[in-house]
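Engineer: If you scroll down you'll find the structure; I have some questions about it.
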Amino acid sequence: MTEAWRPGDDDERSRRGARGSVKVRVPAKVNLRLAVGPLRPDGYHEISTVYHAIGLYDELTARRADTLTLTMDGEGTGELALDDSNLVLRAARALATHARVPAHARLHLRKAIPLAGGLAGGSADAAAALVACDELWGIGLSRDELAVLAADLGSDVPFLLHGGTAVGTGRGESVSPVLARPTTWHWVVAVADGGLSTPQVYAELDRLRAAGAAPPPVGPADELLTALRQRDPQVLAGALGNDLQPAALSLRPALTKVLDAGVAAGALAGLVSGSGPTCVFLTPDAGTAQAVAQALEAADVCRAVHLANGAVVGARLV
């Protein structure tokens, strides 16, 4: 519910929104553990997941303008629609409606997170748009207030406002931070050629389960949370799991070669990220991560390879 206007609100917004240009950097996410329940009446699956933000970033710049426009460069240029179906513009309009301000901004997105890759790139960009436009327009909402708007935009958007490591429940939009001592985890990110449709992957999981061809569900996140608190990468590697991985492998069998190549090169574990097709590998240290990345590049089993540490903060002004 939008709050009523109060005397002095416009002056306060003017002070906060004095900047003519705002830049926000937002990370990708991986699901360290993703348990998928049955299909709900609203068309979503009930899930329990442990989100983890990693240092692979998109950047969104917002400037003052008389209309709302979006341009981009980097990953997905020419493929990603820049009309009102784009989550960036939807986020900006949702914030403007909530705050009762004109939806006027010139937005430019610089993408490094691949499209339809299981890394929540679209959700990350929506989170960046909320933070950037909130600052540009001098609205001054808290992260928790922004998260209410974020939940209506997509299941992963609330998490990417905060980042770090967190448990997600419901359809993923209900987020609770994981309380553990700070630890740097070393990841290798293998980007596939082409994306996978998230609804298609969920539908394939339903098909595999109906046919009795899916492995048992990964179960609750307790083991994963315990592993995080132990701060031992070998222990964490044994607790990773993703119910969507069999479906992603069914739709894209070549991902098995990617997973095998990463583990053979020294990764402690390989995992399809979310609905895929990006694969992520946990390594014990930075040196091993570099070696795994080089081996994946030499094996020519993926389009691109990135090194990324986690956990990192969510959408932030830079």
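How things are named: the first chain in the structure tokens is A, the next is B, and so on; residues count from 1 in each chain; ligands count from 1 in the order shown.
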Could you write out, as a PyMOL selection string, all the residues of stretch 63-95 of chain A that DSSP marks as alpha helix (DSSP H)?

Structural biologist: chain A and resi 87-95

Engineer: Would you give me, as a Markdown table, each residue of stretch 93-208 of chain A having an atom within 12 Å of an atom of stretch 27-33 of chain A, along with its shortest atom pair and that distance in Å to one decimal, using only C-alpha atoms and sorting by chain and residue number?

Structural biologist:
| residue | atom | partner | partner_atom | distance |
| --- | --- | --- | --- | --- |
| A:Lys111 | CA | A:Pro27 | CA | 10.6 |
| A:Ala112 | CA | A:Ala28 | CA | 9.2 |
| A:Ile113 | CA | A:Ala28 | CA | 6.5 |
| A:Pro114 | CA | A:Ala28 | CA | 9.4 |
| A:Leu115 | CA | A:Ala28 | CA | 11.1 |
| A:Ala116 | CA | A:Ala28 | CA | 11.9 |
| A:Gly117 | CA | A:Ala28 | CA | 10.1 |
| A:Gly118 | CA | A:Val30 | CA | 7.5 |
| A:Leu119 | CA | A:Lys29 | CA | 5.1 |
| A:Ala120 | CA | A:Lys29 | CA | 6.1 |
| A:Gly121 | CA | A:Ala28 | CA | 6.1 |
| A:Gly122 | CA | A:Ala28 | CA | 9.5 |
| A:Ser123 | CA | A:Ala28 | CA | 8.9 |
| A:Ala124 | CA | A:Ala28 | CA | 6.6 |
| A:Asp125 | CA | A:Pro27 | CA | 9.0 |
| A:Ala126 | CA | A:Pro27 | CA | 11.6 |
| A:Ala127 | CA | A:Pro27 | CA | 9.9 |
| A:Ala128 | CA | A:Pro27 | CA | 9.4 |
| A:Asp156 | CA | A:Lys29 | CA | 8.6 |
| A:Val157 | CA | A:Lys29 | CA | 10.3 |
| A:Pro158 | CA | A:Lys29 | CA | 11.7 |
| A:Phe159 | CA | A:Lys29 | CA | 8.8 |
| A:Leu160 | CA | A:Pro27 | CA | 7.3 |
| A:Leu161 | CA | A:Pro27 | CA | 9.5 |
| A:His162 | CA | A:Pro27 | CA | 10.1 |
| A:Gly163 | CA | A:Pro27 | CA | 7.7 |
| A:Gly164 | CA | A:Lys29 | CA | 9.3 |
| A:Thr165 | CA | A:Leu32 | CA | 9.2 |
| A:Ala166 | CA | A:Asn31 | CA | 9.8 |
| A:Val167 | CA | A:Arg33 | CA | 9.4 |
| A:Gly168 | CA | A:Asn31 | CA | 9.7 |
| A:Thr169 | CA | A:Arg33 | CA | 11.8 |
| A:Gly172 | CA | A:Asn31 | CA | 10.7 |
| A:Trp185 | CA | A:Leu32 | CA | 11.6 |
| A:Trp187 | CA | A:Val30 | CA | 10.2 |
| A:Val188 | CA | A:Val30 | CA | 11.5 |
| A:Val189 | CA | A:Val30 | CA | 9.9 |

Engineer: Determine, counting only C-alpha atoms, which protein, DNA and RNA residues have an atom within 9 Å of an atom of A:Ala289; residues of the same chain fewer than 2 positions away are not included. Present the result as a list in words.

Structural biologist: His186, Trp187, Val188, Gly266, Ala267, Phe281, Leu282, Thr283, Pro284, Asp285, Ala286, Gly287, Ala291, Val292, Ala293, Gln294, Leu307 and Ala308 of chain A

Engineer: DSSP says strand (DSSP E) for which residues of stretch 159-272 of chain A? Put them as a tab-separated table (two decimals) with N, CA and C atoms, in the first residue's frame?

Structural biologist:
chain	number	residue	atom	x	y	z
A	165	THR	N	24.43	-15.21	1.23
A	165	THR	CA	23.90	-16.57	1.17
A	165	THR	C	22.61	-16.57	1.97
A	166	ALA	N	21.56	-17.17	1.42
A	166	ALA	CA	20.26	-17.10	2.08
A	166	ALA	C	19.41	-18.30	1.70
A	167	VAL	N	18.48	-18.61	2.57
A	167	VAL	CA	17.49	-19.66	2.30
A	167	VAL	C	16.28	-19.02	1.63
A	168	GLY	N	15.83	-19.63	0.54
A	168	GLY	CA	14.63	-19.17	-0.15
A	168	GLY	C	13.55	-20.23	-0.09
A	169	THR	N	12.34	-19.82	0.24
A	169	THR	CA	11.21	-20.75	0.31
A	169	THR	C	10.02	-20.17	-0.45
A	174	SER	N	10.58	-15.72	-0.64
A	174	SER	CA	10.71	-15.52	0.80
A	174	SER	C	12.13	-15.87	1.22
A	175	VAL	N	12.90	-14.87	1.64
A	175	VAL	CA	14.35	-15.01	1.80
A	175	VAL	C	14.76	-14.75	3.24
A	176	SER	N	15.60	-15.64	3.77
A	176	SER	CA	16.15	-15.48	5.12
A	176	SER	C	17.66	-15.66	5.05
A	177	PRO	N	18.45	-14.69	5.52
A	177	PRO	CA	19.91	-14.80	5.45
A	177	PRO	C	20.42	-16.01	6.23
A	185	TRP	N	34.41	-18.67	-0.91
A	185	TRP	CA	34.32	-19.91	-1.68
A	185	TRP	C	34.74	-19.61	-3.11
A	186	HIS	N	35.50	-20.51	-3.71
A	186	HIS	CA	36.08	-20.30	-5.04
A	186	HIS	C	35.32	-21.13	-6.07
A	187	TRP	N	34.76	-20.43	-7.07
A	187	TRP	CA	33.90	-21.05	-8.08
A	187	TRP	C	34.47	-20.85	-9.47
A	188	VAL	N	34.21	-21.82	-10.33
A	188	VAL	CA	34.44	-21.70	-11.76
A	188	VAL	C	33.08	-21.81	-12.44
A	189	VAL	N	32.80	-20.87	-13.32
A	189	VAL	CA	31.50	-20.81	-13.99
A	189	VAL	C	31.69	-21.13	-15.47
A	190	ALA	N	31.06	-22.20	-15.92
A	190	ALA	CA	31.16	-22.63	-17.32
A	190	ALA	C	29.87	-22.29	-18.04
A	191	VAL	N	29.94	-21.35	-18.96
A	191	VAL	CA	28.77	-20.84	-19.67
A	191	VAL	C	28.53	-21.65	-20.93
A	241	GLY	N	23.41	-29.85	-4.19
A	241	GLY	CA	22.40	-30.66	-4.87
A	241	GLY	C	21.38	-29.80	-5.58
A	242	ASN	N	20.81	-30.35	-6.64
A	242	ASN	CA	19.87	-29.59	-7.47
A	242	ASN	C	18.86	-30.54	-8.11
A	269	ALA	N	33.43	-30.48	-6.82
A	269	ALA	CA	32.09	-30.86	-7.25
A	269	ALA	C	31.67	-29.96	-8.40
A	270	GLY	N	30.82	-30.51	-9.26
A	270	GLY	CA	30.22	-29.74	-10.34
A	270	GLY	C	28.71	-29.81	-10.23
A	271	LEU	N	28.04	-28.74	-10.64
A	271	LEU	CA	26.61	-28.63	-10.43
A	271	LEU	C	26.01	-27.79	-11.55
A	272	VAL	N	24.88	-28.23	-12.08
A	272	VAL	CA	24.11	-27.34	-12.96
A	272	VAL	C	23.51	-26.25	-12.08

Engineer: With only C-alpha atoms as the counted atoms, please give the residues lying no more than 8 Å from A:Arg316, apart from itself and same-chain residues fewer than 5 positions off, as a PyMOL selection string.

Structural biologist: chain A and resi 24-26+128+131

Engineer: Would you compute the distance between atom CA of A:Thr49 and atom CA of A:Pro220? Give it in Å to one decimal.

Structural biologist: 8.6 Å

Engineer: Leaving out A:Leu89 and any residue of its chain fewer than 4 positions from it, which residues lie within 10 Å of it when counting only C-alpha atoms, given as a list in words?

Structural biologist: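 Result of the neighbour search: Leu68, Thr69, Leu70, Leu82, Asp83, Asp84, Ser85, Arg93, Ala94, Leu95, Ala103, Ala105, Leu107, Asp125, Ala126, Ala129 and Leu130 of chain A.
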
Engineer: Could you check which of A:Leu109, A:Val313, A:Ile139, A:Ala214 is closest to A:Gly76, using only C-alpha atoms?

Structural biologist: A:Leu109

Engineer: Closest to A:Asp260 among A:His306, A:Gly140, A:Glu145, A:Ala299, using only C-alpha atoms?

Structural biologist: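 Ranked by minimum distance to A:Asp260, first place goes to A:Ala299.
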
Engineer: Ranking A:Asp134, A:Gly43, A:Val312, A:His98 by minimum distance to A:Lys23 and counting only C-alpha atoms, which one comes first?

Structural biologist: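 Among the listed residues, the smallest separation from A:Lys23 belongs to A:Asp134.
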
Engineer: Pick out the closest residue to A:Arg63 from this set: A:Glu79, A:Glu135, A:Asp222, A:Glu173. Count only C-alpha atoms.

Structural biologist: A:Glu135

Engineer: What does the distance from atom CA of A:Leu149 to atom CA of A:Leu39 come to in Å, to one decimal?

Structural biologist: 23.9 Å

Engineer: Excluding A:His108 and any residue of its chain fewer than 4 positions from it, enumerate the residues within 6 Å of it, using only C-alpha atoms, and give them as a PDB file with all heavy atoms, in the first residue's frame.

Structural biologist:
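Produced file out00.pdb, reproduced below:
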ATOM      1  N   LEU A  60      24.104  -1.545 -14.235  1.00  0.00           N
ATOM      2  CA  LEU A  60      23.015  -0.728 -14.772  1.00  0.00           C
ATOM      3  C   LEU A  60      23.281   0.733 -14.423  1.00  0.00           C
ATOM      4  O   LEU A  60      23.465   1.062 -13.249  1.00  0.00           O
ATOM      5  CB  LEU A  60      21.671  -1.171 -14.197  1.00  0.00           C
ATOM      6  CG  LEU A  60      20.454  -0.415 -14.737  1.00  0.00           C
ATOM      7  CD1 LEU A  60      20.166  -0.832 -16.177  1.00  0.00           C
ATOM      8  CD2 LEU A  60      19.231  -0.649 -13.861  1.00  0.00           C
ATOM      9  N   THR A  61      23.291   1.582 -15.435  1.00  0.00           N
ATOM     10  CA  THR A  61      23.436   3.016 -15.235  1.00  0.00           C
ATOM     11  C   THR A  61      22.093   3.691 -15.498  1.00  0.00           C
ATOM     12  O   THR A  61      21.434   3.397 -16.501  1.00  0.00           O
ATOM     13  CB  THR A  61      24.509   3.598 -16.172  1.00  0.00           C
ATOM     14  OG1 THR A  61      25.750   2.943 -15.919  1.00  0.00           O
ATOM     15  CG2 THR A  61      24.671   5.088 -15.950  1.00  0.00           C
ATOM     16  N   LEU A  70      15.605   2.005 -22.403  1.00  0.00           N
ATOM     17  CA  LEU A  70      16.619   1.021 -22.021  1.00  0.00           C
ATOM     18  C   LEU A  70      17.475   0.677 -23.222  1.00  0.00           C
ATOM     19  O   LEU A  70      16.959   0.347 -24.296  1.00  0.00           O
ATOM     20  CB  LEU A  70      15.955  -0.247 -21.475  1.00  0.00           C
ATOM     21  CG  LEU A  70      16.873  -1.437 -21.160  1.00  0.00           C
ATOM     22  CD1 LEU A  70      17.855  -1.087 -20.052  1.00  0.00           C
ATOM     23  CD2 LEU A  70      16.049  -2.671 -20.777  1.00  0.00           C
ATOM     24  N   THR A  71      18.799   0.752 -23.038  1.00  0.00           N
ATOM     25  CA  THR A  71      19.753   0.269 -24.028  1.00  0.00           C
ATOM     26  C   THR A  71      20.687  -0.711 -23.328  1.00  0.00           C
ATOM     27  O   THR A  71      20.691  -0.829 -22.104  1.00  0.00           O
ATOM     28  CB  THR A  71      20.567   1.424 -24.627  1.00  0.00           C
ATOM     29  OG1 THR A  71      21.208   2.158 -23.556  1.00  0.00           O
ATOM     30  CG2 THR A  71      19.666   2.368 -25.411  1.00  0.00           C
ATOM     31  N   MET A  72      21.493  -1.430 -24.093  1.00  0.00           N
ATOM     32  CA  MET A  72      22.377  -2.420 -23.472  1.00  0.00           C
ATOM     33  C   MET A  72      23.567  -2.723 -24.360  1.00  0.00           C
ATOM     34  O   MET A  72      23.580  -2.438 -25.562  1.00  0.00           O
ATOM     35  CB  MET A  72      21.614  -3.717 -23.168  1.00  0.00           C
ATOM     36  CG  MET A  72      21.228  -4.520 -24.389  1.00  0.00           C
ATOM     37  SD  MET A  72      20.626  -6.182 -23.960  1.00  0.00           S
ATOM     38  CE  MET A  72      22.126  -6.966 -23.337  1.00  0.00           C
TER      39      MET A  72
END

Engineer: Would you mind listing what lies within 12 Å of A:Gln245 as a ChimeraX atom specification, with only C-alpha atoms counted and same-chain residues fewer than 5 positions away left out?

Structural biologist: /A:31-36,118,196,198,201-202,204-205,208,214-218,240,250-253,255-256,259,270-280

Engineer: Export, as a short mmCIF file (atom, residue, chain, number, x, y, z; two decimals), in the first residue's frame, the selected residues with C-alpha atoms.

Structural biologist:
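part.cif was written with the following content:
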data_model
loop_
_atom_site.label_atom_id
_atom_site.label_comp_id
_atom_site.auth_asym_id
_atom_site.auth_seq_id
_atom_site.Cartn_x
_atom_site.Cartn_y
_atom_site.Cartn_z
CA ASN A 31 21.61 -22.41 -5.99
CA LEU A 32 23.83 -24.42 -3.66
CA ARG A 33 20.89 -26.69 -2.94
CA LEU A 34 17.56 -26.64 -4.75
CA ALA A 35 14.71 -28.88 -3.63
CA VAL A 36 11.66 -28.75 -5.91
CA GLY A 118 20.38 -20.45 -14.55
CA LEU A 196 17.44 -23.13 -21.40
CA THR A 198 13.17 -22.31 -16.96
CA VAL A 201 13.16 -27.43 -17.36
CA TYR A 202 10.50 -27.57 -14.63
CA GLU A 204 10.79 -31.85 -17.90
CA LEU A 205 11.34 -32.54 -14.19
CA LEU A 208 10.70 -37.43 -15.41
CA ALA A 214 14.05 -38.85 -11.77
CA PRO A 215 16.44 -39.43 -8.85
CA PRO A 216 15.08 -38.96 -5.31
CA PRO A 217 14.66 -35.29 -4.29
CA VAL A 218 17.67 -33.68 -2.65
CA LEU A 240 25.52 -29.51 -3.04
CA SER A 250 17.83 -34.60 -20.16
CA LEU A 251 17.23 -31.53 -22.32
CA ARG A 252 20.94 -30.81 -22.86
CA PRO A 253 22.90 -34.12 -22.59
CA LEU A 255 26.26 -30.78 -20.10
CA THR A 256 27.40 -34.13 -18.71
CA LEU A 259 30.51 -31.57 -15.45
CA GLY A 270 30.22 -29.74 -10.34
CA LEU A 271 26.61 -28.63 -10.43
CA VAL A 272 24.11 -27.34 -12.96
CA SER A 273 23.17 -23.89 -11.70
CA GLY A 274 19.42 -23.53 -11.17
CA SER A 275 17.59 -24.49 -14.35
CA GLY A 276 20.87 -24.44 -16.32
CA PRO A 277 22.57 -24.71 -18.66
CA THR A 278 25.42 -22.94 -16.84
CA CYS A 279 27.55 -25.33 -14.78
CA VAL A 280 29.43 -24.21 -11.68
#

Engineer: For the atom pair atom CA of A:Gly55 and atom CA of A:Asn309, what is the interatomic distance in Å to one decimal place?

Structural biologist: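 Atom-to-atom, atom CA of A:Gly55 and atom CA of A:Asn309 are spaced 5.4 Å apart.
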